[in-house]
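**Student:** The structure file entry.txt (compact mmCIF, C-alpha atoms) is provided below.
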# COMPACT_ATOMS: atom_id res chain seq x y z
CA MET P 1 72.55 -43.73 42.99
CA ARG P 2 76.19 -42.71 43.23
CA LEU P 3 77.88 -39.87 41.34
CA ILE P 4 81.56 -38.95 41.23
CA SER P 5 82.87 -35.65 39.89
CA TRP P 6 86.59 -35.20 39.20
CA ASN P 7 88.89 -32.74 37.46
CA ILE P 8 91.43 -35.24 36.11
CA GLN P 9 94.03 -32.75 34.71
CA TRP P 10 94.05 -34.74 31.43
CA GLY P 11 94.96 -37.83 33.45
CA ARG P 12 98.26 -36.39 34.68
CA GLY P 13 99.07 -37.47 38.20
CA MET P 14 101.33 -35.77 40.70
CA ASP P 15 104.13 -38.05 39.50
CA GLY P 16 103.93 -36.38 36.08
CA ARG P 17 102.53 -39.44 34.29
CA VAL P 18 99.36 -39.38 32.22
CA ASP P 19 97.60 -42.60 33.20
CA LEU P 20 93.90 -42.90 32.35
CA THR P 21 93.77 -46.47 33.63
CA ARG P 22 94.80 -45.15 37.04
CA ILE P 23 92.05 -42.52 36.89
CA VAL P 24 89.37 -45.14 36.27
CA ARG P 25 90.87 -47.51 38.85
CA ASP P 26 90.93 -44.86 41.58
CA ALA P 27 87.39 -43.74 40.76
CA ARG P 28 86.14 -47.32 40.98
CA GLN P 29 87.94 -47.84 44.26
CA PHE P 30 86.27 -44.71 45.61
CA ALA P 31 82.76 -45.98 44.76
CA ASP P 32 80.71 -48.18 42.46
CA PHE P 33 79.47 -45.10 40.61
CA ASP P 34 76.46 -44.83 38.33
CA ILE P 35 77.52 -41.44 36.96
CA LEU P 36 81.06 -40.16 36.39
CA CYS P 37 81.52 -36.45 35.62
CA LEU P 38 85.01 -35.54 34.46
CA GLN P 39 86.63 -32.20 33.71
CA GLU P 40 89.87 -31.43 31.83
CA VAL P 41 89.59 -34.27 29.33
CA ALA P 42 91.80 -33.81 26.26
CA ASP P 43 91.98 -35.05 22.67
CA GLY P 44 94.75 -34.14 20.24
CA PHE P 45 96.72 -31.88 22.61
CA GLY P 46 100.18 -33.38 22.38
CA ASP P 47 101.65 -30.24 23.93
CA LEU P 48 100.00 -30.88 27.29
CA GLU P 49 102.62 -32.12 29.73
CA GLY P 50 102.87 -35.91 29.68
CA SER P 51 100.34 -36.32 26.86
CA THR P 52 100.90 -37.84 23.42
CA GLY P 53 97.75 -36.27 22.03
CA GLU P 54 95.62 -39.34 22.74
CA ASN P 55 91.82 -39.15 22.43
CA GLN P 56 91.02 -39.35 26.12
CA PHE P 57 87.26 -39.26 25.59
CA ALA P 58 87.47 -42.51 23.64
CA GLU P 59 90.11 -44.14 25.85
CA ILE P 60 88.23 -43.51 29.08
CA ALA P 61 84.99 -44.76 27.50
CA ALA P 62 86.77 -47.95 26.44
CA LEU P 63 87.86 -48.50 30.05
CA LEU P 64 84.23 -48.33 31.21
CA PRO P 65 82.14 -50.76 29.14
CA GLY P 66 78.49 -50.56 30.05
CA TYR P 67 78.61 -46.78 30.45
CA LEU P 68 77.36 -44.35 27.80
CA LEU P 69 79.83 -41.61 26.90
CA VAL P 70 78.60 -38.02 26.50
CA GLU P 71 81.28 -35.59 25.33
CA GLY P 72 81.35 -31.87 26.03
CA ALA P 73 84.36 -30.20 24.41
CA ALA P 74 84.46 -26.49 25.22
CA VAL P 75 87.67 -25.99 23.24
CA ASP P 76 87.65 -27.28 19.63
CA LEU P 77 90.58 -26.22 17.47
CA ALA P 78 92.17 -27.29 14.19
CA LYS P 79 95.07 -29.72 14.45
CA ALA P 80 98.16 -29.36 12.30
CA GLY P 81 98.03 -32.00 9.59
CA GLY P 82 94.29 -32.49 9.99
CA GLY P 83 91.92 -33.52 12.75
CA ARG P 84 90.82 -31.60 15.82
CA ARG P 85 92.16 -30.65 19.22
CA ARG P 86 89.45 -30.79 21.91
CA PHE P 87 89.37 -30.09 25.63
CA GLY P 88 86.50 -30.10 28.07
CA ASN P 89 84.13 -32.27 30.07
CA MET P 90 82.54 -35.68 29.79
CA ILE P 91 79.80 -37.63 31.52
CA LEU P 92 79.66 -41.42 31.63
CA SER P 93 76.38 -42.99 32.69
CA ARG P 94 75.25 -46.56 33.20
CA LEU P 95 71.74 -45.20 33.71
CA PRO P 96 69.52 -44.62 30.64
CA VAL P 97 70.23 -41.27 28.99
CA ASP P 98 67.52 -39.09 27.45
CA ARG P 99 68.00 -35.51 26.24
CA ILE P 100 71.53 -34.09 25.94
CA LEU P 101 72.25 -30.36 25.85
CA ARG P 102 75.54 -28.54 25.47
CA HIS P 103 75.41 -24.94 26.70
CA VAL P 104 78.16 -22.55 25.63
CA LEU P 105 79.02 -20.31 28.58
CA PRO P 106 79.89 -16.62 28.15
CA TRP P 107 83.38 -15.81 26.90
CA PRO P 108 83.49 -12.00 26.82
CA ALA P 109 86.56 -10.05 25.82
CA GLU P 110 88.75 -9.68 28.87
CA PRO P 111 92.30 -8.34 29.38
CA THR P 112 93.75 -11.51 30.93
CA THR P 113 96.12 -13.26 28.57
CA ARG P 114 95.10 -16.77 29.64
CA ASN P 115 91.51 -17.89 29.37
CA MET P 116 89.54 -20.31 27.22
CA PRO P 117 85.95 -21.13 26.23
CA ARG P 118 83.86 -22.94 28.81
CA MET P 119 80.64 -24.94 28.59
CA LEU P 120 77.99 -26.69 30.64
CA LEU P 121 77.26 -30.30 29.69
CA ASP P 122 73.63 -31.10 30.54
CA VAL P 123 72.35 -34.69 30.39
CA VAL P 124 68.96 -36.10 31.44
CA VAL P 125 69.22 -39.58 32.99
CA HIS P 126 66.54 -41.90 34.27
CA SER P 127 67.62 -42.60 37.83
CA PRO P 128 66.06 -45.34 39.99
CA PHE P 129 63.76 -42.74 41.58
CA ALA P 130 63.05 -40.12 38.86
CA PRO P 131 64.35 -38.49 35.69
CA LEU P 132 66.93 -35.84 36.54
CA ARG P 133 69.46 -33.59 34.91
CA ILE P 134 73.19 -34.15 35.41
CA MET P 135 75.19 -31.00 34.66
CA THR P 136 78.95 -30.67 34.77
CA THR P 137 81.22 -27.72 34.12
CA HIS P 138 84.70 -26.28 34.66
CA LEU P 139 84.69 -22.55 35.27
CA GLU P 140 87.39 -20.04 34.34
CA TYR P 141 90.42 -19.94 36.66
CA PHE P 142 92.38 -16.85 35.68
CA SER P 143 89.56 -14.29 35.39
CA ALA P 144 86.98 -13.46 38.06
CA GLU P 145 85.07 -11.43 35.46
CA LEU P 146 84.65 -14.41 33.15
CA ARG P 147 83.86 -16.73 36.05
CA THR P 148 81.13 -14.33 37.21
CA ALA P 149 79.55 -14.23 33.75
CA GLN P 150 79.61 -18.02 33.62
CA VAL P 151 77.90 -18.44 36.99
CA HIS P 152 75.20 -15.96 36.00
CA ALA P 153 74.63 -17.97 32.82
CA ILE P 154 74.37 -21.25 34.76
CA ARG P 155 71.82 -19.70 37.10
CA GLU P 156 69.77 -18.64 34.09
CA ILE P 157 70.07 -22.07 32.47
CA PHE P 158 68.82 -23.67 35.68
CA ARG P 159 65.99 -21.15 36.03
CA THR P 160 64.85 -21.75 32.47
CA SER P 161 64.95 -25.52 32.93
CA ILE P 162 62.71 -25.27 36.01
CA LEU P 163 60.20 -23.14 34.13
CA ARG P 164 60.31 -25.58 31.21
CA ALA P 165 59.64 -28.49 33.55
CA ARG P 166 56.62 -26.64 34.97
CA GLN P 167 55.20 -26.08 31.48
CA PRO P 168 56.26 -29.01 29.25
CA GLN P 169 56.38 -28.37 25.53
CA GLN P 170 53.75 -29.76 23.18
CA GLU P 171 54.51 -33.22 21.80
CA GLY P 172 55.73 -33.26 18.21
CA LYS P 173 57.37 -35.37 15.54
CA GLY P 174 61.01 -35.68 14.54
CA PRO P 175 63.24 -33.10 16.25
CA TYR P 176 60.15 -31.61 17.87
CA ALA P 177 59.79 -34.75 20.00
CA ARG P 178 59.29 -33.60 23.55
CA GLY P 179 61.87 -35.67 25.40
CA ALA P 180 62.37 -35.40 29.14
CA SER P 181 62.63 -31.99 30.84
CA PRO P 182 62.82 -32.69 34.58
CA GLY P 183 63.27 -30.03 37.20
CA SER P 184 65.40 -32.24 39.48
CA ALA P 185 69.07 -31.50 38.84
CA ILE P 186 72.66 -32.07 39.93
CA LEU P 187 75.43 -29.58 39.13
CA ALA P 188 78.97 -30.93 39.54
CA GLY P 189 82.40 -29.72 38.60
CA ASP P 190 85.45 -27.59 39.24
CA PHE P 191 84.19 -24.11 40.10
CA ASN P 192 87.63 -22.57 40.69
CA MET P 193 86.55 -20.70 43.82
CA PRO P 194 86.38 -21.62 47.51
CA PRO P 195 83.19 -22.57 49.38
CA HIS P 196 82.80 -19.15 51.03
CA ASP P 197 83.14 -17.15 47.78
CA PRO P 198 80.01 -14.98 47.36
CA LEU P 199 79.83 -16.04 43.71
CA LYS P 200 79.76 -19.71 44.67
CA LEU P 201 77.17 -18.99 47.36
CA SER P 202 75.01 -17.21 44.77
CA LEU P 203 74.29 -20.59 43.18
CA SER P 204 72.29 -21.42 46.33
CA GLU P 205 70.26 -18.21 46.27
CA PRO P 206 66.73 -18.01 44.80
CA ILE P 207 66.77 -17.27 41.09
CA GLY P 208 63.40 -15.57 40.75
CA ALA P 209 59.93 -16.64 39.59
CA GLY P 210 59.73 -18.98 42.56
CA VAL P 211 62.85 -20.92 41.52
CA PRO P 212 64.94 -21.91 44.57
CA GLY P 213 68.71 -22.11 44.44
CA LEU P 214 70.85 -25.24 44.55
CA VAL P 215 72.00 -27.01 47.72
CA ASP P 216 75.66 -27.84 48.35
CA ALA P 217 75.63 -31.62 48.90
CA TRP P 218 78.58 -31.61 51.33
CA THR P 219 77.01 -28.91 53.49
CA ALA P 220 73.66 -30.69 53.49
CA VAL P 221 75.22 -33.97 54.68
CA HIS P 222 77.90 -32.45 56.96
CA PRO P 223 76.42 -29.10 58.12
CA GLN P 224 78.99 -28.56 60.87
CA THR P 225 82.09 -29.63 58.92
CA PRO P 226 84.08 -27.48 56.46
CA HIS P 227 84.65 -28.86 52.97
CA PRO P 228 87.79 -31.01 52.73
CA PRO P 229 90.50 -29.69 50.39
CA SER P 230 90.10 -30.79 46.78
CA PHE P 231 93.00 -28.86 45.21
CA CYS P 232 96.63 -28.00 45.99
CA ILE P 233 97.11 -30.85 48.48
CA ALA P 234 100.36 -32.12 46.98
CA ASP P 235 101.45 -28.98 45.13
CA GLN P 236 100.87 -25.45 46.42
CA THR P 237 101.74 -23.65 43.16
CA TYR P 238 98.22 -22.23 43.03
CA GLY P 239 97.83 -21.60 46.74
CA PRO P 240 97.33 -23.55 49.96
CA PRO P 241 95.09 -26.63 50.02
CA HIS P 242 91.48 -25.62 49.54
CA CYS P 243 88.18 -26.87 48.11
CA CYS P 244 86.96 -25.70 44.70
CA ASP P 245 85.21 -28.86 43.46
CA PHE P 246 81.56 -29.19 44.42
CA VAL P 247 78.34 -31.07 43.79
CA LEU P 248 75.15 -29.04 44.13
CA VAL P 249 71.63 -30.46 43.95
CA SER P 250 68.15 -29.06 43.45
CA GLN P 251 66.23 -28.70 46.69
CA ASP P 252 63.88 -31.60 45.94
CA LEU P 253 66.90 -33.96 45.81
CA ALA P 254 68.43 -32.80 49.10
CA PRO P 255 66.26 -35.14 51.26
CA ARG P 256 67.56 -38.09 49.22
CA LEU P 257 71.22 -37.37 50.01
CA ARG P 258 72.77 -40.22 51.99
CA GLY P 259 76.45 -39.41 51.68
CA ALA P 260 79.06 -36.93 50.47
CA ALA P 261 82.80 -37.54 50.54
CA TYR P 262 86.10 -36.37 49.08
CA ASP P 263 88.95 -38.78 48.35
CA ILE P 264 91.92 -36.79 49.63
CA SER P 265 94.39 -39.67 49.27
CA THR P 266 94.60 -40.20 45.50
CA ARG P 267 97.37 -38.42 43.59
CA ALA P 268 96.15 -39.42 40.11
CA SER P 269 95.37 -35.73 39.42
CA ASP P 270 96.05 -32.37 41.01
CA HIS P 271 92.38 -32.35 42.10
CA GLN P 272 90.53 -34.76 44.36
CA PRO P 273 87.29 -36.54 43.36
CA VAL P 274 84.02 -35.89 45.17
CA LEU P 275 81.28 -38.49 45.68
CA VAL P 276 77.60 -38.01 46.44
CA GLU P 277 75.10 -40.81 47.17
CA PHE P 278 71.32 -40.71 46.91
CA ALA P 279 68.67 -43.00 48.37
CA ASP P 280 66.37 -44.67 45.85
CA VAL P 281 63.35 -44.38 48.11
Using structure tokens, write down the structure from this file.

**Tutor:**
Amino acid sequence: MRLISWNIQWGRGMDGRVDLTRIVRDARQFADFDILCLQEVADGFGDLEGSTGENQFAEIAALLPGYLLVEGAAVDLAKAGGGRRRFGNMILSRLPVDRILRHVLPWPAEPTTRNMPRMLLDVVVHSPFAPLRIMTTHLEYFSAELRTAQVHAIREIFRTSILRARQPQQEGKGPYARGASPGSAILAGDFNMPPHDPLKLSLSEPIGAGVPGLVDAWTAVHPQTPHPPSFCIADQTYGPPHCCDFVLVSQDLAPRLRGAAYDISTRASDHQPVLVEFADV
């Protein structure tokens, strides 16, 4: 099983052009992925640089027939003249999809003038080896306080999911149908902090009640090698090149890891995509 995670900056490349076809082409050239987790997907935001307000959720899905689209808009605002303006994450899967959850992450009042709602998109897929949860998110950039609250919430969401997997709910009818609640999980996205940040490292710490933390896939596969840069390679407006895009996995999945890589050559976004590969057996 192959998974790619990528902050696509609403499809805007370093040449200033919004080109969703290029995003999909570069992702496919990187790997024949089963799961594609994307952040910064927009719909109705004509004021984003290079955008005409296109529904990028729908356009990207149309470019990937055979994949199921799961939308996760953290920002959902009224649009002048009618309609909605949405911004957030999406997951595309060619594996069967079971339960879908959309977790709203904390958005406390904070003095920074620039911040926005964030969410965690949480999808259960039936992989070749077991049911597992695919989670993707994009954490706050401008506020460490908000980012901290969001990480704490994600840790609690993961802890609760493990406890739920250990004690499955009673089967029921209609919306009480049990569905899948696996403990195996993958967390992917743009975390807006470097690998050595204590807050990022806290995601790998035990969460209590016998719940272990998550494993950084790159570190597990390349224990002696620092993360490649995934941001600010072509433009240092937000600092020198560094890594802030990660894929973390539950400890039971770590032995299945067979590869982890960053594509540092594409310029289809201001971020670089990250790939992880798992063995079926």

**Student:** Measuring between all atoms listed in the file, which one of P:Asp15, P:Asp190, P:Glu205, P:Asp76 shows the shortest distance to Val274 (chain P)?

**Tutor:**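 Of P:Asp15, P:Asp190, P:Glu205, P:Asp76, the one nearest Val274 (chain P), counting all atoms listed in the file, is P:Asp190.
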
**Student:** Considering all atoms listed in the file, can you say which of P:Val70, P:Val75, P:Ile23, P:Leu64 comes closest to Trp6 (chain P)?

**Tutor:** P:Ile23

**Student:** Taking (95.8, -24.6, 43.6) in the file's coordinates, which residues come within 12 Å, counting all atoms listed in the file, written as number ranges by chain?

**Tutor:** P: 141-142, 190, 192-194, 229-245, 269-272

**Student:** Could you turn the residues from that selection into a file that holds C-alpha atoms, as a PDB file, keeping the file's coordinate frame?

**Tutor:**
ATOM      1  CA  TYR P 141      90.420 -19.940  36.660  1.00  0.00           C
ATOM      2  CA  PHE P 142      92.380 -16.850  35.680  1.00  0.00           C
ATOM      3  CA  ASP P 190      85.450 -27.590  39.240  1.00  0.00           C
ATOM      4  CA  ASN P 192      87.630 -22.570  40.690  1.00  0.00           C
ATOM      5  CA  MET P 193      86.550 -20.700  43.820  1.00  0.00           C
ATOM      6  CA  PRO P 194      86.380 -21.620  47.510  1.00  0.00           C
ATOM      7  CA  PRO P 229      90.500 -29.690  50.390  1.00  0.00           C
ATOM      8  CA  SER P 230      90.100 -30.790  46.780  1.00  0.00           C
ATOM      9  CA  PHE P 231      93.000 -28.860  45.210  1.00  0.00           C
ATOM     10  CA  CYS P 232      96.630 -28.000  45.990  1.00  0.00           C
ATOM     11  CA  ILE P 233      97.110 -30.850  48.480  1.00  0.00           C
ATOM     12  CA  ALA P 234     100.360 -32.120  46.980  1.00  0.00           C
ATOM     13  CA  ASP P 235     101.450 -28.980  45.130  1.00  0.00           C
ATOM     14  CA  GLN P 236     100.870 -25.450  46.420  1.00  0.00           C
ATOM     15  CA  THR P 237     101.740 -23.650  43.160  1.00  0.00           C
ATOM     16  CA  TYR P 238      98.220 -22.230  43.030  1.00  0.00           C
ATOM     17  CA  GLY P 239      97.830 -21.600  46.740  1.00  0.00           C
ATOM     18  CA  PRO P 240      97.330 -23.550  49.960  1.00  0.00           C
ATOM     19  CA  PRO P 241      95.090 -26.630  50.020  1.00  0.00           C
ATOM     20  CA  HIS P 242      91.480 -25.620  49.540  1.00  0.00           C
ATOM     21  CA  CYS P 243      88.180 -26.870  48.110  1.00  0.00           C
ATOM     22  CA  CYS P 244      86.960 -25.700  44.700  1.00  0.00           C
ATOM     23  CA  ASP P 245      85.210 -28.860  43.460  1.00  0.00           C
ATOM     24  CA  SER P 269      95.370 -35.730  39.420  1.00  0.00           C
ATOM     25  CA  ASP P 270      96.050 -32.370  41.010  1.00  0.00           C
ATOM     26  CA  HIS P 271      92.380 -32.350  42.100  1.00  0.00           C
ATOM     27  CA  GLN P 272      90.530 -34.760  44.360  1.00  0.00           C
TER      28      GLN P 272
END

**Student:** With all atoms listed in the file as the basis for distance, which of P:Leu201, P:His152, P:Pro228, P:Val123 is at the shortest distance from Pro182 (chain P)?

**Tutor:**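 Comparing P:Leu201, P:His152, P:Pro228, P:Val123 against Pro182 (chain P), the winner is P:Val123.
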
**Student:** Fewer than 2 positions away in the same chain doesn't count, so skip those; otherwise give me all residues within 9 Å of Arg155 (chain P), counting only C-alpha atoms, as an NGL selection string.

**Tutor:** :P and (150-153 or 157-160 or 202-203 or 207 or 213)

**Student:** Rounded to one decimal place, report the CA of Gln29 (chain P)-CA of Ala74 (chain P) distance in Å.

**Tutor:**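 Those two atoms sit 28.8 Å apart.
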
**Student:** Using all atoms listed in the file, which residues sit within 12 Å of region 163-176 of chain P once same-chain residues fewer than 5 positions away are excluded, as a list in words?

**Tutor:**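 Those residues are Arg99, Pro131, Leu132, Arg133, Glu156, Ile157, Phe158, Ser181, Pro182, Gly183, Ser184, Ala185, Ile207, Gly208, Ala209, Gly210, Val211 and Pro212 of chain P.
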
**Student:** Go through P:Asp197, P:Glu110, P:Asp34, P:Asp263 and flag the residue nearest Gly66 (chain P), using only C-alpha atoms for the distances.

**Tutor:**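 When distances to Gly66 (chain P) are compared using only C-alpha atoms, the smallest one comes from P:Asp34.
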
**Student:** Applying 6 Å and only C-alpha atoms, which residues near region 252-262 of chain P remain after dropping the ones on its own chain fewer than 2 positions away? List them as a ChimeraX atom specification.

**Tutor:** /P:218,250,264,273-279

**Student:** Any idea what's packed within 8 Å of Gly189 (chain P), counting all atoms listed in the file, ignoring anything in its chain fewer than 4 positions away? Could you give it as a VMD selection string?

**Tutor:** chain P and resid 5 to 7 37 to 39 136 to 138 245 to 247

**Student:** Excluding same-chain residues fewer than 5 positions from Asp122 (chain P), what lies within 9 Å of it counting all atoms listed in the file, as a list in words?

**Tutor:**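 Everything that qualifies: Gly72, Arg99, Ile100, Leu101, Arg102, His103, Arg133, Ile134, Met135, Thr136 and Leu187 of chain P.
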
**Student:** Using only C-alpha atoms and a cutoff of 6 Å, can you tell me which residues are near (76.0, -30.5, 45.1) in the file's coordinates, and write them out as a list of chain:residue names?

**Tutor:**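 The answer, in the requested form, is P:Val215, P:Asp216, P:Ala217, P:Phe246, P:Val247, P:Leu248, P:Val249.
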
**Student:** How far is it from CA of Met119 (chain P) to CA of Ile35 (chain P), in Å with one decimal?

**Tutor:**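 Rounded to one decimal, the two atoms are 18.8 Å apart.
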
**Student:** Just the number, please: distance in Å from CA of Ile91 (chain P) to CA of Ser143 (chain P), one decimal.

**Tutor:**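 Going from CA of Ile91 (chain P) over to CA of Ser143 (chain P), I get 25.6 Å.
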
**Student:** Measuring between only C-alpha atoms, which one of P:Gly53, P:Pro65, P:Gly16, P:Pro198 shows the shortest distance to Ser93 (chain P)?

**Tutor:**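 Distance minimum relative to Ser93 (chain P) lands on P:Pro65.
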
**Student:** Which one is closest to Lys200 (chain P): P:His222, P:Arg25, P:Arg147, P:Arg267? Count only C-alpha atoms.

**Tutor:** P:Arg147

**Student:** Write out as AutoDock Vina command-line options an axis-aligned box for region 139-156 of chain P: all of its atoms listed in the file, 4 Å added on each side, centre and edge lengths in Å with one decimal.

**Tutor:**
--center_x 81.1 --center_y -17.0 --center_z 35.4 --size_x 30.6 --size_y 19.1 --size_z 13.2

**Student:** Have region 65-92 of chain P completed to N, CA and C atoms, please, and pass it along as a PDB file, in the frame of the given file.

**Tutor:**
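As written to disk, part.pdb reads:
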ATOM      1  N   PRO P  65      83.231 -50.153  29.907  1.00  0.00           N
ATOM      2  CA  PRO P  65      82.140 -50.760  29.140  1.00  0.00           C
ATOM      3  C   PRO P  65      80.869 -50.811  29.981  1.00  0.00           C
ATOM      4  N   GLY P  66      79.754 -50.602  29.336  1.00  0.00           N
ATOM      5  CA  GLY P  66      78.490 -50.560  30.050  1.00  0.00           C
ATOM      6  C   GLY P  66      78.056 -49.157  30.420  1.00  0.00           C
ATOM      7  N   TYR P  67      78.938 -48.175  30.200  1.00  0.00           N
ATOM      8  CA  TYR P  67      78.610 -46.780  30.450  1.00  0.00           C
ATOM      9  C   TYR P  67      78.487 -46.049  29.102  1.00  0.00           C
ATOM     10  N   LEU P  68      77.511 -45.167  28.998  1.00  0.00           N
ATOM     11  CA  LEU P  68      77.360 -44.350  27.800  1.00  0.00           C
ATOM     12  C   LEU P  68      78.203 -43.095  27.943  1.00  0.00           C
ATOM     13  N   LEU P  69      78.983 -42.791  26.916  1.00  0.00           N
ATOM     14  CA  LEU P  69      79.830 -41.610  26.900  1.00  0.00           C
ATOM     15  C   LEU P  69      79.063 -40.425  26.323  1.00  0.00           C
ATOM     16  N   VAL P  70      79.111 -39.281  27.024  1.00  0.00           N
ATOM     17  CA  VAL P  70      78.600 -38.020  26.500  1.00  0.00           C
ATOM     18  C   VAL P  70      79.741 -37.011  26.562  1.00  0.00           C
ATOM     19  N   GLU P  71      80.154 -36.507  25.407  1.00  0.00           N
ATOM     20  CA  GLU P  71      81.280 -35.590  25.330  1.00  0.00           C
ATOM     21  C   GLU P  71      80.814 -34.142  25.385  1.00  0.00           C
ATOM     22  N   GLY P  72      81.650 -33.300  25.968  1.00  0.00           N
ATOM     23  CA  GLY P  72      81.350 -31.870  26.030  1.00  0.00           C
ATOM     24  C   GLY P  72      82.630 -31.063  25.889  1.00  0.00           C
ATOM     25  N   ALA P  73      83.116 -30.926  24.662  1.00  0.00           N
ATOM     26  CA  ALA P  73      84.360 -30.200  24.410  1.00  0.00           C
ATOM     27  C   ALA P  73      84.083 -28.712  24.318  1.00  0.00           C
ATOM     28  N   ALA P  74      84.610 -27.939  25.257  1.00  0.00           N
ATOM     29  CA  ALA P  74      84.460 -26.490  25.220  1.00  0.00           C
ATOM     30  C   ALA P  74      85.449 -25.867  24.242  1.00  0.00           C
ATOM     31  N   VAL P  75      86.638 -26.448  24.161  1.00  0.00           N
ATOM     32  CA  VAL P  75      87.670 -25.990  23.240  1.00  0.00           C
ATOM     33  C   VAL P  75      87.715 -26.964  22.067  1.00  0.00           C
ATOM     34  N   ASP P  76      87.631 -26.441  20.833  1.00  0.00           N
ATOM     35  CA  ASP P  76      87.650 -27.280  19.630  1.00  0.00           C
ATOM     36  C   ASP P  76      88.422 -26.512  18.560  1.00  0.00           C
ATOM     37  N   LEU P  77      89.663 -26.933  18.348  1.00  0.00           N
ATOM     38  CA  LEU P  77      90.580 -26.220  17.470  1.00  0.00           C
ATOM     39  C   LEU P  77      91.097 -27.133  16.364  1.00  0.00           C
ATOM     40  N   ALA P  78      91.544 -26.518  15.267  1.00  0.00           N
ATOM     41  CA  ALA P  78      92.170 -27.290  14.190  1.00  0.00           C
ATOM     42  C   ALA P  78      93.491 -27.871  14.670  1.00  0.00           C
ATOM     43  N   LYS P  79      93.811 -29.033  14.127  1.00  0.00           N
ATOM     44  CA  LYS P  79      95.070 -29.720  14.450  1.00  0.00           C
ATOM     45  C   LYS P  79      95.961 -29.717  13.229  1.00  0.00           C
ATOM     46  N   ALA P  80      97.227 -29.369  13.420  1.00  0.00           N
ATOM     47  CA  ALA P  80      98.160 -29.360  12.300  1.00  0.00           C
ATOM     48  C   ALA P  80      98.185 -30.723  11.632  1.00  0.00           C
ATOM     49  N   GLY P  81      98.033 -30.738  10.313  1.00  0.00           N
ATOM     50  CA  GLY P  81      98.030 -32.000   9.590  1.00  0.00           C
ATOM     51  C   GLY P  81      96.660 -32.629   9.479  1.00  0.00           C
ATOM     52  N   GLY P  82      95.643 -31.969  10.053  1.00  0.00           N
ATOM     53  CA  GLY P  82      94.290 -32.490   9.990  1.00  0.00           C
ATOM     54  C   GLY P  82      93.808 -32.995  11.342  1.00  0.00           C
ATOM     55  N   GLY P  83      92.515 -33.102  11.488  1.00  0.00           N
ATOM     56  CA  GLY P  83      91.920 -33.520  12.750  1.00  0.00           C
ATOM     57  C   GLY P  83      91.644 -32.331  13.645  1.00  0.00           C
ATOM     58  N   ARG P  84      91.232 -32.624  14.871  1.00  0.00           N
ATOM     59  CA  ARG P  84      90.820 -31.600  15.820  1.00  0.00           C
ATOM     60  C   ARG P  84      91.555 -31.753  17.130  1.00  0.00           C
ATOM     61  N   ARG P  85      91.663 -30.648  17.850  1.00  0.00           N
ATOM     62  CA  ARG P  85      92.160 -30.650  19.220  1.00  0.00           C
ATOM     63  C   ARG P  85      90.993 -30.216  20.107  1.00  0.00           C
ATOM     64  N   ARG P  86      90.636 -31.047  21.090  1.00  0.00           N
ATOM     65  CA  ARG P  86      89.450 -30.790  21.910  1.00  0.00           C
ATOM     66  C   ARG P  86      89.808 -30.906  23.390  1.00  0.00           C
ATOM     67  N   PHE P  87      89.111 -30.111  24.187  1.00  0.00           N
ATOM     68  CA  PHE P  87      89.370 -30.090  25.630  1.00  0.00           C
ATOM     69  C   PHE P  87      88.084 -29.709  26.326  1.00  0.00           C
ATOM     70  N   GLY P  88      87.727 -30.448  27.376  1.00  0.00           N
ATOM     71  CA  GLY P  88      86.500 -30.100  28.070  1.00  0.00           C
ATOM     72  C   GLY P  88      86.054 -31.145  29.066  1.00  0.00           C
ATOM     73  N   ASN P  89      84.766 -31.431  29.060  1.00  0.00           N
ATOM     74  CA  ASN P  89      84.130 -32.270  30.070  1.00  0.00           C
ATOM     75  C   ASN P  89      83.549 -33.521  29.433  1.00  0.00           C
ATOM     76  N   MET P  90      83.259 -34.503  30.266  1.00  0.00           N
ATOM     77  CA  MET P  90      82.540 -35.680  29.790  1.00  0.00           C
ATOM     78  C   MET P  90      81.721 -36.252  30.936  1.00  0.00           C
ATOM     79  N   ILE P  91      80.628 -36.908  30.566  1.00  0.00           N
ATOM     80  CA  ILE P  91      79.800 -37.630  31.520  1.00  0.00           C
ATOM     81  C   ILE P  91      79.664 -39.055  31.033  1.00  0.00           C
ATOM     82  N   LEU P  92      79.876 -40.008  31.932  1.00  0.00           N
ATOM     83  CA  LEU P  92      79.660 -41.420  31.630  1.00  0.00           C
ATOM     84  C   LEU P  92      78.546 -41.921  32.537  1.00  0.00           C
TER      85      LEU P  92
END
